[in-house]
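Visitor: Quick one: the structure is below, questions incoming.
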Amino acid sequence: MISYDEAIATVLTNVQALTPVELPLIKARGLVLASPAIARWDMPSWDNSAMDGFAFAALSIESRTTLKIAGQSFAGHPFSGHLKSGEAVRITTGAPIPDGADSVVPVEETSEKDNSVSLNRPVMKGQHVRYRGEEFHKNEELLTSGTQLYAGGISLLSSAGIDQVNVIPRPRVAIFSTGDELVELGQKLGSGQIVNSNLQYLIARLEECGCIPVPLGVGEDRCDDLNRLFDQAQEADLLLTTGGVSVGEKDLVQQTLLQRGLEKKFWKVAIKPGKPVLFGLLEGKPCFGLPGNPAATAATFELFVRPALQQLVGNSNLLAPRLKVKLAESVRAGGKRQNFLWGELRITDGCLEILPLQRQGSGQNRSMQKAQALLPVPIDSPSLNAGDDVEVILLRLPQGEKTF
Ligand code: AMP
Ligand code: MG
């Protein structure tokens, strides 16, 4: 059986980024730029005031401290005239510095009387002016290809007039679960039947990861029914199934896929949970058969599918962050497979610690509910003690430490 490290390397060498598309900027949150973003104009586009106050020429206050108010330059309503020596213009933050002015005094440092303004403090030429092009210049590369867009990047590009971006699109991920015992949530359960919770989990998790889930429902444990669903999955960029990949008599996913021409890359990895995970390429597209036990589906999603999705969306950081944290409770020695324990992260005195969760059975949904990290326990590792430094795979950040 191959190790996790070999298996994940195999996944990542067999998945390529999707073809870029043009999208409106606001639709591109979380996506990766496939071309550099180039500024359409200087920013600021004109010298403007950083304060509410008065604009004037520094030269004109060498011989006086009181200036005549000649007009106003408000944000969105510039002053159209030319300032003469001895004059000031009332100005608001962001408004253009009028012709003839070069400095701004904040309103708090002035007194006003009879349409004149007196400056109460010495000023420096150029103070409180934001200069044209100070932030960026026209044709400047603001973000490089490969940058992931967050709200901050969207703000920056929109200020530069970039309303369309060339990005790697959100992957469409076809998912179906297999198993004669499965019933969709909301439908009545018959004898021996359970809810198809894996499909709900994967829809939610794919959305959390910025993908478009294409749920196809449940396949019965028959090759013809599995074929029906694989036929429907052809438009997707990646294909996920759950269940039916182990060695049971009714585990028919692998057989069906091989008959359809799956280029199998691996089946079975020395991990716990999730040993029977299957990976290959179906018509060149990545295809994962995840084991059906809920905690195994969830763990193999994080360990294999999530990095493959990162590769599909052109992200260069493929693996989840690994962090050194303190272990809150002891952990049993490792066995013949690399164990991945679900853990809750806690912030204690500003430092992170991991609490391995109870009920880690692969058939249980409970452990994933609280989990914020996976704790890898190497093959044949000695037992670990509370207080040990361990490395964990971060899935999500914990909440803040304080409540009010
Ligand atoms: P399998 O991988 O098909 O052998 O299934 C292993 C275990 O996971 C069995 O107990 C199944 O009933 C359960 N299981 C399989 N698929 C799902 C699913 N979609 N939702 C919840 N449990 C499942
Ligand atoms: Mg099954």
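Each chain in the structure tokens gets a letter, A, B, ..., in the order shown, and its residues are numbered from 1; ligands are numbered from 1 in order too.
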So that I can see what lies close to segment 228-232 of chain A, please list as a PDB file with all heavy atoms, in the first residue's frame the residues with an atom at most 12 Å from it, counting only C-alpha atoms and leaving out residues fewer than 6 positions away in the same chain.
Guide:
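Below is the file that was written, around_5.pdb:
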ATOM      1  N   VAL A 173     -17.890  20.536  -9.562  1.00  0.00           N
ATOM      2  CA  VAL A 173     -17.554  19.221  -9.016  1.00  0.00           C
ATOM      3  C   VAL A 173     -18.806  18.352  -8.957  1.00  0.00           C
ATOM      4  O   VAL A 173     -19.742  18.653  -8.208  1.00  0.00           O
ATOM      5  CB  VAL A 173     -16.924  19.359  -7.603  1.00  0.00           C
ATOM      6  CG1 VAL A 173     -16.573  17.989  -7.040  1.00  0.00           C
ATOM      7  CG2 VAL A 173     -15.683  20.241  -7.664  1.00  0.00           C
ATOM      8  N   ALA A 174     -18.836  17.318  -9.778  1.00  0.00           N
ATOM      9  CA  ALA A 174     -19.971  16.383  -9.750  1.00  0.00           C
ATOM     10  C   ALA A 174     -19.796  15.435  -8.574  1.00  0.00           C
ATOM     11  O   ALA A 174     -18.689  14.942  -8.341  1.00  0.00           O
ATOM     12  CB  ALA A 174     -20.033  15.609 -11.057  1.00  0.00           C
ATOM     13  N   ILE A 175     -20.871  15.240  -7.818  1.00  0.00           N
ATOM     14  CA  ILE A 175     -20.793  14.324  -6.673  1.00  0.00           C
ATOM     15  C   ILE A 175     -22.004  13.413  -6.669  1.00  0.00           C
ATOM     16  O   ILE A 175     -23.136  13.873  -6.868  1.00  0.00           O
ATOM     17  CB  ILE A 175     -20.840  15.018  -5.286  1.00  0.00           C
ATOM     18  CG1 ILE A 175     -21.212  16.503  -5.408  1.00  0.00           C
ATOM     19  CG2 ILE A 175     -19.580  14.839  -4.509  1.00  0.00           C
ATOM     20  CD1 ILE A 175     -21.494  17.122  -4.078  1.00  0.00           C
ATOM     21  N   PHE A 176     -21.752  12.165  -6.433  1.00  0.00           N
ATOM     22  CA  PHE A 176     -22.870  11.288  -6.071  1.00  0.00           C
ATOM     23  C   PHE A 176     -22.400  10.259  -5.059  1.00  0.00           C
ATOM     24  O   PHE A 176     -21.218   9.942  -4.970  1.00  0.00           O
ATOM     25  CB  PHE A 176     -23.544  10.669  -7.298  1.00  0.00           C
ATOM     26  CG  PHE A 176     -22.728   9.724  -8.122  1.00  0.00           C
ATOM     27  CD1 PHE A 176     -22.648   8.377  -7.784  1.00  0.00           C
ATOM     28  CD2 PHE A 176     -22.054  10.175  -9.247  1.00  0.00           C
ATOM     29  CE1 PHE A 176     -21.915   7.502  -8.570  1.00  0.00           C
ATOM     30  CE2 PHE A 176     -21.316   9.297 -10.032  1.00  0.00           C
ATOM     31  CZ  PHE A 176     -21.245   7.959  -9.688  1.00  0.00           C
ATOM     32  N   SER A 177     -23.361   9.802  -4.278  1.00  0.00           N
ATOM     33  CA  SER A 177     -23.074   8.791  -3.271  1.00  0.00           C
ATOM     34  C   SER A 177     -23.606   7.470  -3.789  1.00  0.00           C
ATOM     35  O   SER A 177     -24.525   7.442  -4.601  1.00  0.00           O
ATOM     36  CB  SER A 177     -23.770   9.151  -1.965  1.00  0.00           C
ATOM     37  OG  SER A 177     -23.234  10.362  -1.489  1.00  0.00           O
ATOM     38  N   THR A 178     -23.016   6.394  -3.305  1.00  0.00           N
ATOM     39  CA  THR A 178     -23.490   5.084  -3.733  1.00  0.00           C
ATOM     40  C   THR A 178     -23.851   4.258  -2.511  1.00  0.00           C
ATOM     41  O   THR A 178     -23.204   4.369  -1.477  1.00  0.00           O
ATOM     42  CB  THR A 178     -22.409   4.325  -4.529  1.00  0.00           C
ATOM     43  OG1 THR A 178     -21.384   3.909  -3.621  1.00  0.00           O
ATOM     44  CG2 THR A 178     -21.798   5.196  -5.623  1.00  0.00           C
ATOM     45  N   VAL A 214     -22.101  19.916  -8.040  1.00  0.00           N
ATOM     46  CA  VAL A 214     -23.165  19.442  -8.938  1.00  0.00           C
ATOM     47  C   VAL A 214     -23.636  18.108  -8.360  1.00  0.00           C
ATOM     48  O   VAL A 214     -23.108  17.043  -8.696  1.00  0.00           O
ATOM     49  CB  VAL A 214     -22.629  19.251 -10.373  1.00  0.00           C
ATOM     50  CG1 VAL A 214     -23.751  18.838 -11.321  1.00  0.00           C
ATOM     51  CG2 VAL A 214     -21.937  20.514 -10.874  1.00  0.00           C
ATOM     52  N   PRO A 215     -24.619  18.172  -7.427  1.00  0.00           N
ATOM     53  CA  PRO A 215     -25.035  16.933  -6.758  1.00  0.00           C
ATOM     54  C   PRO A 215     -25.925  16.095  -7.673  1.00  0.00           C
ATOM     55  O   PRO A 215     -26.883  16.608  -8.233  1.00  0.00           O
ATOM     56  CB  PRO A 215     -25.829  17.425  -5.534  1.00  0.00           C
ATOM     57  CG  PRO A 215     -26.079  18.874  -5.745  1.00  0.00           C
ATOM     58  CD  PRO A 215     -25.324  19.356  -6.944  1.00  0.00           C
ATOM     59  N   LEU A 216     -25.580  14.841  -7.789  1.00  0.00           N
ATOM     60  CA  LEU A 216     -26.321  13.967  -8.704  1.00  0.00           C
ATOM     61  C   LEU A 216     -27.154  12.921  -7.967  1.00  0.00           C
ATOM     62  O   LEU A 216     -27.812  12.103  -8.609  1.00  0.00           O
ATOM     63  CB  LEU A 216     -25.352  13.278  -9.670  1.00  0.00           C
ATOM     64  CG  LEU A 216     -24.527  14.226 -10.553  1.00  0.00           C
ATOM     65  CD1 LEU A 216     -23.521  13.446 -11.378  1.00  0.00           C
ATOM     66  CD2 LEU A 216     -25.431  15.043 -11.464  1.00  0.00           C
ATOM     67  N   GLY A 217     -27.110  12.942  -6.632  1.00  0.00           N
ATOM     68  CA  GLY A 217     -27.983  12.032  -5.872  1.00  0.00           C
ATOM     69  C   GLY A 217     -27.295  10.749  -5.476  1.00  0.00           C
ATOM     70  O   GLY A 217     -26.102  10.734  -5.183  1.00  0.00           O
ATOM     71  N   VAL A 218     -28.076   9.685  -5.477  1.00  0.00           N
ATOM     72  CA  VAL A 218     -27.594   8.393  -4.984  1.00  0.00           C
ATOM     73  C   VAL A 218     -27.568   7.382  -6.123  1.00  0.00           C
ATOM     74  O   VAL A 218     -28.510   7.300  -6.909  1.00  0.00           O
ATOM     75  CB  VAL A 218     -28.540   7.844  -3.888  1.00  0.00           C
ATOM     76  CG1 VAL A 218     -28.060   6.470  -3.415  1.00  0.00           C
ATOM     77  CG2 VAL A 218     -28.611   8.782  -2.711  1.00  0.00           C
ATOM     78  N   GLY A 219     -26.504   6.618  -6.168  1.00  0.00           N
ATOM     79  CA  GLY A 219     -26.435   5.491  -7.096  1.00  0.00           C
ATOM     80  C   GLY A 219     -26.677   4.200  -6.346  1.00  0.00           C
ATOM     81  O   GLY A 219     -26.169   4.011  -5.238  1.00  0.00           O
ATOM     82  N   GLU A 220     -27.456   3.336  -6.940  1.00  0.00           N
ATOM     83  CA  GLU A 220     -27.655   2.017  -6.313  1.00  0.00           C
ATOM     84  C   GLU A 220     -26.412   1.171  -6.569  1.00  0.00           C
ATOM     85  O   GLU A 220     -25.635   1.444  -7.478  1.00  0.00           O
ATOM     86  CB  GLU A 220     -28.904   1.360  -6.906  1.00  0.00           C
ATOM     87  CG  GLU A 220     -30.173   2.078  -6.471  1.00  0.00           C
ATOM     88  CD  GLU A 220     -31.402   1.558  -7.199  1.00  0.00           C
ATOM     89  OE1 GLU A 220     -31.402   0.387  -7.609  1.00  0.00           O
ATOM     90  OE2 GLU A 220     -32.344   2.353  -7.360  1.00  0.00           O
ATOM     91  N   ASP A 221     -26.268   0.134  -5.770  1.00  0.00           N
ATOM     92  CA  ASP A 221     -25.082  -0.721  -5.888  1.00  0.00           C
ATOM     93  C   ASP A 221     -25.229  -1.673  -7.079  1.00  0.00           C
ATOM     94  O   ASP A 221     -25.264  -2.904  -6.920  1.00  0.00           O
ATOM     95  CB  ASP A 221     -24.882  -1.501  -4.569  1.00  0.00           C
ATOM     96  CG  ASP A 221     -24.450  -0.588  -3.430  1.00  0.00           C
ATOM     97  OD1 ASP A 221     -23.629   0.310  -3.669  1.00  0.00           O
ATOM     98  OD2 ASP A 221     -24.929  -0.763  -2.300  1.00  0.00           O
ATOM     99  N   ARG A 222     -25.330  -1.075  -8.265  1.00  0.00           N
ATOM    100  CA  ARG A 222     -25.411  -1.854  -9.516  1.00  0.00           C
ATOM    101  C   ARG A 222     -24.634  -1.079 -10.572  1.00  0.00           C
ATOM    102  O   ARG A 222     -24.760   0.149 -10.658  1.00  0.00           O
ATOM    103  CB  ARG A 222     -26.861  -1.968 -10.004  1.00  0.00           C
ATOM    104  CG  ARG A 222     -27.797  -2.776  -9.129  1.00  0.00           C
ATOM    105  CD  ARG A 222     -29.110  -3.062  -9.885  1.00  0.00           C
ATOM    106  NE  ARG A 222     -29.446  -2.050 -10.873  1.00  0.00           N
ATOM    107  CZ  ARG A 222     -30.310  -1.038 -10.674  1.00  0.00           C
ATOM    108  NH1 ARG A 222     -30.907  -0.888  -9.501  1.00  0.00           N
ATOM    109  NH2 ARG A 222     -30.552  -0.184 -11.641  1.00  0.00           N
ATOM    110  N   LEU A 238     -14.270  17.934 -12.085  1.00  0.00           N
ATOM    111  CA  LEU A 238     -13.738  16.920 -11.169  1.00  0.00           C
ATOM    112  C   LEU A 238     -14.921  16.079 -10.725  1.00  0.00           C
ATOM    113  O   LEU A 238     -16.048  16.569 -10.622  1.00  0.00           O
ATOM    114  CB  LEU A 238     -13.069  17.611  -9.973  1.00  0.00           C
ATOM    115  CG  LEU A 238     -12.354  16.737  -8.948  1.00  0.00           C
ATOM    116  CD1 LEU A 238     -11.079  17.435  -8.447  1.00  0.00           C
ATOM    117  CD2 LEU A 238     -13.228  16.431  -7.742  1.00  0.00           C
ATOM    118  N   LEU A 239     -14.643  14.838 -10.456  1.00  0.00           N
ATOM    119  CA  LEU A 239     -15.716  13.894 -10.135  1.00  0.00           C
ATOM    120  C   LEU A 239     -15.441  13.245  -8.782  1.00  0.00           C
ATOM    121  O   LEU A 239     -14.328  12.783  -8.542  1.00  0.00           O
ATOM    122  CB  LEU A 239     -15.717  12.863 -11.265  1.00  0.00           C
ATOM    123  CG  LEU A 239     -16.733  11.758 -11.209  1.00  0.00           C
ATOM    124  CD1 LEU A 239     -18.125  12.334 -11.026  1.00  0.00           C
ATOM    125  CD2 LEU A 239     -16.672  10.992 -12.512  1.00  0.00           C
ATOM    126  N   LEU A 240     -16.465  13.249  -7.940  1.00  0.00           N
ATOM    127  CA  LEU A 240     -16.350  12.637  -6.616  1.00  0.00           C
ATOM    128  C   LEU A 240     -17.471  11.632  -6.436  1.00  0.00           C
ATOM    129  O   LEU A 240     -18.639  11.962  -6.701  1.00  0.00           O
ATOM    130  CB  LEU A 240     -16.572  13.680  -5.515  1.00  0.00           C
ATOM    131  CG  LEU A 240     -15.504  14.695  -5.194  1.00  0.00           C
ATOM    132  CD1 LEU A 240     -15.965  15.536  -4.004  1.00  0.00           C
ATOM    133  CD2 LEU A 240     -14.216  13.979  -4.850  1.00  0.00           C
ATOM    134  N   THR A 241     -17.140  10.441  -5.957  1.00  0.00           N
ATOM    135  CA  THR A 241     -18.194   9.530  -5.515  1.00  0.00           C
ATOM    136  C   THR A 241     -17.893   9.192  -4.066  1.00  0.00           C
ATOM    137  O   THR A 241     -16.753   9.356  -3.606  1.00  0.00           O
ATOM    138  CB  THR A 241     -18.205   8.226  -6.330  1.00  0.00           C
ATOM    139  OG1 THR A 241     -16.983   7.524  -6.089  1.00  0.00           O
ATOM    140  CG2 THR A 241     -18.358   8.492  -7.818  1.00  0.00           C
ATOM    141  N   VAL A 253     -17.831   0.616  -7.570  1.00  0.00           N
ATOM    142  CA  VAL A 253     -17.426   1.891  -8.189  1.00  0.00           C
ATOM    143  C   VAL A 253     -16.164   1.702  -9.032  1.00  0.00           C
ATOM    144  O   VAL A 253     -16.102   2.124 -10.190  1.00  0.00           O
ATOM    145  CB  VAL A 253     -17.214   2.975  -7.105  1.00  0.00           C
ATOM    146  CG1 VAL A 253     -16.555   4.214  -7.693  1.00  0.00           C
ATOM    147  CG2 VAL A 253     -18.559   3.343  -6.481  1.00  0.00           C
ATOM    148  N   GLN A 254     -15.162   1.041  -8.467  1.00  0.00           N
ATOM    149  CA  GLN A 254     -13.897   0.879  -9.198  1.00  0.00           C
ATOM    150  C   GLN A 254     -14.111   0.082 -10.491  1.00  0.00           C
ATOM    151  O   GLN A 254     -13.637   0.477 -11.561  1.00  0.00           O
ATOM    152  CB  GLN A 254     -12.867   0.193  -8.309  1.00  0.00           C
ATOM    153  CG  GLN A 254     -11.577  -0.030  -9.044  1.00  0.00           C
ATOM    154  CD  GLN A 254     -10.402  -0.378  -8.139  1.00  0.00           C
ATOM    155  OE1 GLN A 254      -9.277  -0.368  -8.595  1.00  0.00           O
ATOM    156  NE2 GLN A 254     -10.612  -0.671  -6.879  1.00  0.00           N
ATOM    157  N   THR A 256     -16.797  -0.301 -12.235  1.00  0.00           N
ATOM    158  CA  THR A 256     -17.553   0.485 -13.224  1.00  0.00           C
ATOM    159  C   THR A 256     -16.637   1.510 -13.889  1.00  0.00           C
ATOM    160  O   THR A 256     -16.657   1.687 -15.106  1.00  0.00           O
ATOM    161  CB  THR A 256     -18.737   1.203 -12.542  1.00  0.00           C
ATOM    162  OG1 THR A 256     -19.446   0.257 -11.758  1.00  0.00           O
ATOM    163  CG2 THR A 256     -19.675   1.826 -13.551  1.00  0.00           C
ATOM    164  N   LEU A 257     -15.828   2.169 -13.053  1.00  0.00           N
ATOM    165  CA  LEU A 257     -14.928   3.186 -13.606  1.00  0.00           C
ATOM    166  C   LEU A 257     -13.900   2.570 -14.556  1.00  0.00           C
ATOM    167  O   LEU A 257     -13.601   3.134 -15.610  1.00  0.00           O
ATOM    168  CB  LEU A 257     -14.216   3.922 -12.467  1.00  0.00           C
ATOM    169  CG  LEU A 257     -15.013   5.049 -11.811  1.00  0.00           C
ATOM    170  CD1 LEU A 257     -14.337   5.498 -10.521  1.00  0.00           C
ATOM    171  CD2 LEU A 257     -15.150   6.240 -12.765  1.00  0.00           C
ATOM    172  N   LEU A 258     -13.378   1.404 -14.189  1.00  0.00           N
ATOM    173  CA  LEU A 258     -12.372   0.760 -15.051  1.00  0.00           C
ATOM    174  C   LEU A 258     -12.994   0.381 -16.392  1.00  0.00           C
ATOM    175  O   LEU A 258     -12.388   0.571 -17.444  1.00  0.00           O
ATOM    176  CB  LEU A 258     -11.769  -0.462 -14.350  1.00  0.00           C
ATOM    177  CG  LEU A 258     -10.835  -0.123 -13.170  1.00  0.00           C
ATOM    178  CD1 LEU A 258     -10.419  -1.382 -12.422  1.00  0.00           C
ATOM    179  CD2 LEU A 258      -9.582   0.640 -13.639  1.00  0.00           C
ATOM    180  N   GLN A 259     -14.243  -0.077 -16.336  1.00  0.00           N
ATOM    181  CA  GLN A 259     -14.929  -0.402 -17.600  1.00  0.00           C
ATOM    182  C   GLN A 259     -15.137   0.835 -18.470  1.00  0.00           C
ATOM    183  O   GLN A 259     -15.209   0.755 -19.678  1.00  0.00           O
ATOM    184  CB  GLN A 259     -16.285  -1.067 -17.318  1.00  0.00           C
ATOM    185  CG  GLN A 259     -16.143  -2.532 -16.970  1.00  0.00           C
ATOM    186  CD  GLN A 259     -17.387  -3.101 -16.285  1.00  0.00           C
ATOM    187  OE1 GLN A 259     -18.397  -2.414 -16.146  1.00  0.00           O
ATOM    188  NE2 GLN A 259     -17.301  -4.345 -15.855  1.00  0.00           N
ATOM    189  N   ARG A 260     -15.225   1.990 -17.810  1.00  0.00           N
ATOM    190  CA  ARG A 260     -15.392   3.240 -18.566  1.00  0.00           C
ATOM    191  C   ARG A 260     -14.050   3.825 -18.999  1.00  0.00           C
ATOM    192  O   ARG A 260     -14.000   4.935 -19.515  1.00  0.00           O
ATOM    193  CB  ARG A 260     -16.134   4.281 -17.718  1.00  0.00           C
ATOM    194  CG  ARG A 260     -17.542   3.900 -17.361  1.00  0.00           C
ATOM    195  CD  ARG A 260     -18.186   4.990 -16.529  1.00  0.00           C
ATOM    196  NE  ARG A 260     -18.543   6.160 -17.334  1.00  0.00           N
ATOM    197  CZ  ARG A 260     -19.740   6.374 -17.844  1.00  0.00           C
ATOM    198  NH1 ARG A 260     -20.705   5.510 -17.640  1.00  0.00           N
ATOM    199  NH2 ARG A 260     -19.976   7.447 -18.561  1.00  0.00           N
ATOM    200  N   GLY A 261     -12.972   3.138 -18.699  1.00  0.00           N
ATOM    201  CA  GLY A 261     -11.654   3.589 -19.159  1.00  0.00           C
ATOM    202  C   GLY A 261     -10.887   4.416 -18.145  1.00  0.00           C
ATOM    203  O   GLY A 261      -9.989   5.181 -18.515  1.00  0.00           O
ATOM    204  N   LEU A 262     -11.221   4.286 -16.861  1.00  0.00           N
ATOM    205  CA  LEU A 262     -10.462   5.036 -15.838  1.00  0.00           C
ATOM    206  C   LEU A 262      -8.974   4.716 -15.937  1.00  0.00           C
ATOM    207  O   LEU A 262      -8.591   3.552 -15.996  1.00  0.00           O
ATOM    208  CB  LEU A 262     -10.952   4.672 -14.427  1.00  0.00           C
ATOM    209  CG  LEU A 262     -10.207   5.392 -13.299  1.00  0.00           C
ATOM    210  CD1 LEU A 262     -10.761   6.792 -13.106  1.00  0.00           C
ATOM    211  CD2 LEU A 262     -10.294   4.621 -11.979  1.00  0.00           C
ATOM    212  N   LEU A 282     -10.453  10.174 -15.517  1.00  0.00           N
ATOM    213  CA  LEU A 282     -11.506   9.670 -16.392  1.00  0.00           C
ATOM    214  C   LEU A 282     -11.655  10.696 -17.512  1.00  0.00           C
ATOM    215  O   LEU A 282     -12.031  11.841 -17.254  1.00  0.00           O
ATOM    216  CB  LEU A 282     -12.807   9.541 -15.590  1.00  0.00           C
ATOM    217  CG  LEU A 282     -13.947   8.817 -16.289  1.00  0.00           C
ATOM    218  CD1 LEU A 282     -13.594   7.368 -16.589  1.00  0.00           C
ATOM    219  CD2 LEU A 282     -15.213   8.877 -15.426  1.00  0.00           C
ATOM    220  N   GLU A 283     -11.315  10.282 -18.714  1.00  0.00           N
ATOM    221  CA  GLU A 283     -11.261  11.203 -19.850  1.00  0.00           C
ATOM    222  C   GLU A 283     -10.442  12.450 -19.485  1.00  0.00           C
ATOM    223  O   GLU A 283     -10.836  13.584 -19.760  1.00  0.00           O
ATOM    224  CB  GLU A 283     -12.659  11.577 -20.318  1.00  0.00           C
ATOM    225  CG  GLU A 283     -13.359  10.376 -20.957  1.00  0.00           C
ATOM    226  CD  GLU A 283     -14.838  10.596 -21.188  1.00  0.00           C
ATOM    227  OE1 GLU A 283     -15.272  11.754 -21.197  1.00  0.00           O
ATOM    228  OE2 GLU A 283     -15.541   9.595 -21.331  1.00  0.00           O
ATOM    229  N   CYS A 287     -10.708  12.074 -10.855  1.00  0.00           N
ATOM    230  CA  CYS A 287     -11.866  11.340 -10.353  1.00  0.00           C
ATOM    231  C   CYS A 287     -11.470  10.642  -9.059  1.00  0.00           C
ATOM    232  O   CYS A 287     -10.476   9.913  -9.027  1.00  0.00           O
ATOM    233  CB  CYS A 287     -12.258  10.331 -11.441  1.00  0.00           C
ATOM    234  SG  CYS A 287     -13.572   9.238 -10.944  1.00  0.00           S
ATOM    235  N   GLY A 289     -12.805   8.232  -5.887  1.00  0.00           N
ATOM    236  CA  GLY A 289     -13.783   7.393  -5.204  1.00  0.00           C
ATOM    237  C   GLY A 289     -13.454   7.459  -3.724  1.00  0.00           C
ATOM    238  O   GLY A 289     -12.448   6.909  -3.280  1.00  0.00           O
TER     239      GLY A 289
END
Visitor: Grab me every residue within 9 Å of ligand 2, counting only C-alpha atoms and all ligand atoms, and send it over as an NGL selection string.
Guide: :A and (177-182 or 220-221 or 242-246 or 248 or 250-252 or 291-293)
Visitor: Please provide the set of residues having any atom within 12 Å of Ser158 of chain A, restricted to only C-alpha atoms, with same-chain residues fewer than 3 positions apart removed, written as a list of chain:residue names.
Guide: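 Surrounding residues, per the criterion: A:Pro24, A:Leu25, A:Ile26, A:Ala28, A:Ala37, A:Ile38, A:Ala39, A:Arg40, A:Trp41, A:Met43, A:Leu142, A:Leu149, A:Ala151, A:Gly152, A:Gly153, A:Ile154, A:Ser155, A:Gly161, A:Ile162, A:Asp163, A:Gln164, A:Val165.
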Visitor: Got a sec to tell me which of segment 225-277 of chain A DSSP assigns to helix (DSSP H, G or I), as a list in words?
Guide: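 Result set for segment 225-277 of chain A (helix (DSSP H, G or I)): Asp225, Leu226, Asn227, Arg228, Leu229, Phe230, Asp231, Gln232, Val253, Gln254, Gln255, Thr256, Leu257, Leu258 and Gln259 of chain A.
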Visitor: Find the spatial neighbours of Val123 of chain A, counting only C-alpha atoms, within a cut-off of 12 Å - ignore same-chain residues fewer than 3 positions away - and output them as a CSV table (one decimal) with N, CA, C and O atoms, in the first residue's frame.
Guide:
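Output contents, as saved in part-v4.csv:
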chain,number,residue,atom,x,y,z
A,54,PHE,N,-8.5,73.9,4.7
A,54,PHE,CA,-8.3,75.0,3.7
A,54,PHE,C,-7.1,74.7,2.9
A,54,PHE,O,-6.0,74.3,3.4
A,55,ALA,N,-7.2,74.9,1.5
A,55,ALA,CA,-6.0,74.8,0.7
A,55,ALA,C,-5.5,76.2,0.3
A,55,ALA,O,-6.3,77.1,0.2
A,56,PHE,N,-4.2,76.3,0.2
A,56,PHE,CA,-3.6,77.6,0.0
A,56,PHE,C,-2.2,77.4,-0.6
A,56,PHE,O,-1.7,76.2,-0.6
A,57,ALA,N,-1.5,78.4,-1.0
A,57,ALA,CA,-0.2,78.3,-1.5
A,57,ALA,C,0.8,78.7,-0.3
A,57,ALA,O,0.6,79.7,0.4
A,58,ALA,N,1.7,77.8,0.0
A,58,ALA,CA,2.6,78.0,1.2
A,58,ALA,C,3.3,79.4,1.1
A,58,ALA,O,3.5,80.1,2.1
A,59,LEU,N,3.6,79.8,-0.2
A,59,LEU,CA,4.4,81.0,-0.4
A,59,LEU,C,3.6,82.2,0.1
A,59,LEU,O,4.1,83.2,0.7
A,60,SER,N,2.2,82.1,0.0
A,60,SER,CA,1.4,83.3,0.4
A,60,SER,C,1.3,83.5,1.9
A,60,SER,O,0.7,84.5,2.3
A,61,ILE,N,1.7,82.6,2.7
A,61,ILE,CA,1.6,82.8,4.1
A,61,ILE,C,3.0,83.2,4.7
A,61,ILE,O,3.2,83.2,6.0
A,62,GLU,N,4.0,83.5,3.9
A,62,GLU,CA,5.3,83.9,4.4
A,62,GLU,C,5.1,85.3,5.1
A,62,GLU,O,5.8,85.6,6.1
A,65,THR,N,-0.8,85.5,8.2
A,65,THR,CA,-1.3,84.3,8.7
A,65,THR,C,-2.8,84.2,8.5
A,65,THR,O,-3.5,83.3,8.9
A,102,ASP,N,-0.9,74.6,-2.8
A,102,ASP,CA,0.0,73.5,-2.8
A,102,ASP,C,0.0,72.8,-1.4
A,102,ASP,O,0.8,71.9,-1.1
A,103,SER,N,-0.8,73.4,-0.4
A,103,SER,CA,-0.8,72.9,0.9
A,103,SER,C,-2.2,72.9,1.5
A,103,SER,O,-3.0,73.6,1.0
A,104,VAL,N,-2.4,72.1,2.6
A,104,VAL,CA,-3.7,72.1,3.2
A,104,VAL,C,-3.5,72.2,4.7
A,104,VAL,O,-2.6,71.6,5.3
A,105,VAL,N,-4.3,73.1,5.3
A,105,VAL,CA,-4.3,73.1,6.8
A,105,VAL,C,-5.6,72.5,7.3
A,105,VAL,O,-6.7,72.8,6.7
A,106,PRO,N,-5.6,71.6,8.3
A,106,PRO,CA,-6.8,71.0,8.8
A,106,PRO,C,-7.7,72.1,9.5
A,106,PRO,O,-7.1,73.0,10.1
A,109,GLU,N,-7.0,73.5,12.9
A,109,GLU,CA,-5.9,74.3,13.2
A,109,GLU,C,-6.1,75.7,12.6
A,109,GLU,O,-5.2,76.5,12.3
A,110,THR,N,-7.4,76.1,12.4
A,110,THR,CA,-7.7,77.4,11.9
A,110,THR,C,-8.8,78.1,12.7
A,110,THR,O,-9.5,77.5,13.5
A,118,SER,N,-7.7,82.2,9.6
A,118,SER,CA,-6.4,82.5,10.2
A,118,SER,C,-5.8,81.1,10.5
A,118,SER,O,-6.5,80.2,11.1
A,119,LEU,N,-4.5,81.0,10.2
A,119,LEU,CA,-3.8,79.7,10.5
A,119,LEU,C,-3.2,79.8,11.9
A,119,LEU,O,-2.5,80.8,12.2
A,120,ASN,N,-3.5,78.9,12.8
A,120,ASN,CA,-3.1,79.0,14.2
A,120,ASN,C,-1.8,78.4,14.5
A,120,ASN,O,-1.2,78.5,15.5
A,126,GLY,N,3.2,71.7,1.2
A,126,GLY,CA,2.9,70.4,0.8
A,126,GLY,C,2.2,69.5,1.8
A,126,GLY,O,1.8,68.4,1.5
A,127,GLN,N,1.9,70.1,3.0
A,127,GLN,CA,1.3,69.2,4.0
A,127,GLN,C,-0.1,68.9,3.7
A,127,GLN,O,-0.8,69.6,3.0
A,128,HIS,N,-0.4,67.6,4.1
A,128,HIS,CA,-1.8,67.1,3.9
A,128,HIS,C,-2.2,67.0,2.4
A,128,HIS,O,-3.4,67.1,2.2
Visitor: List the spatial neighbours of Lys265 of chain A as an NGL selection string - criterion: any atom at most 12 Å away, only C-alpha atoms, same-chain residues fewer than 2 positions off excluded.
Guide: :A and (2 or 6-15 or 254 or 258 or 262-263 or 267-269 or 277-282 or 284 or 286-289)
Visitor: If we count only C-alpha atoms, what is near Ala17 of chain A at a cut-off of 10 Å, once residues fewer than 2 positions away on the same chain are taken out, given as a list in words?
Guide: Val15, Thr19, Pro20, Ile168, Pro169, Pro171, Ala308, Leu309, Gln310, Gln311, Leu312, Val313, Gly314 and Asn315 of chain A
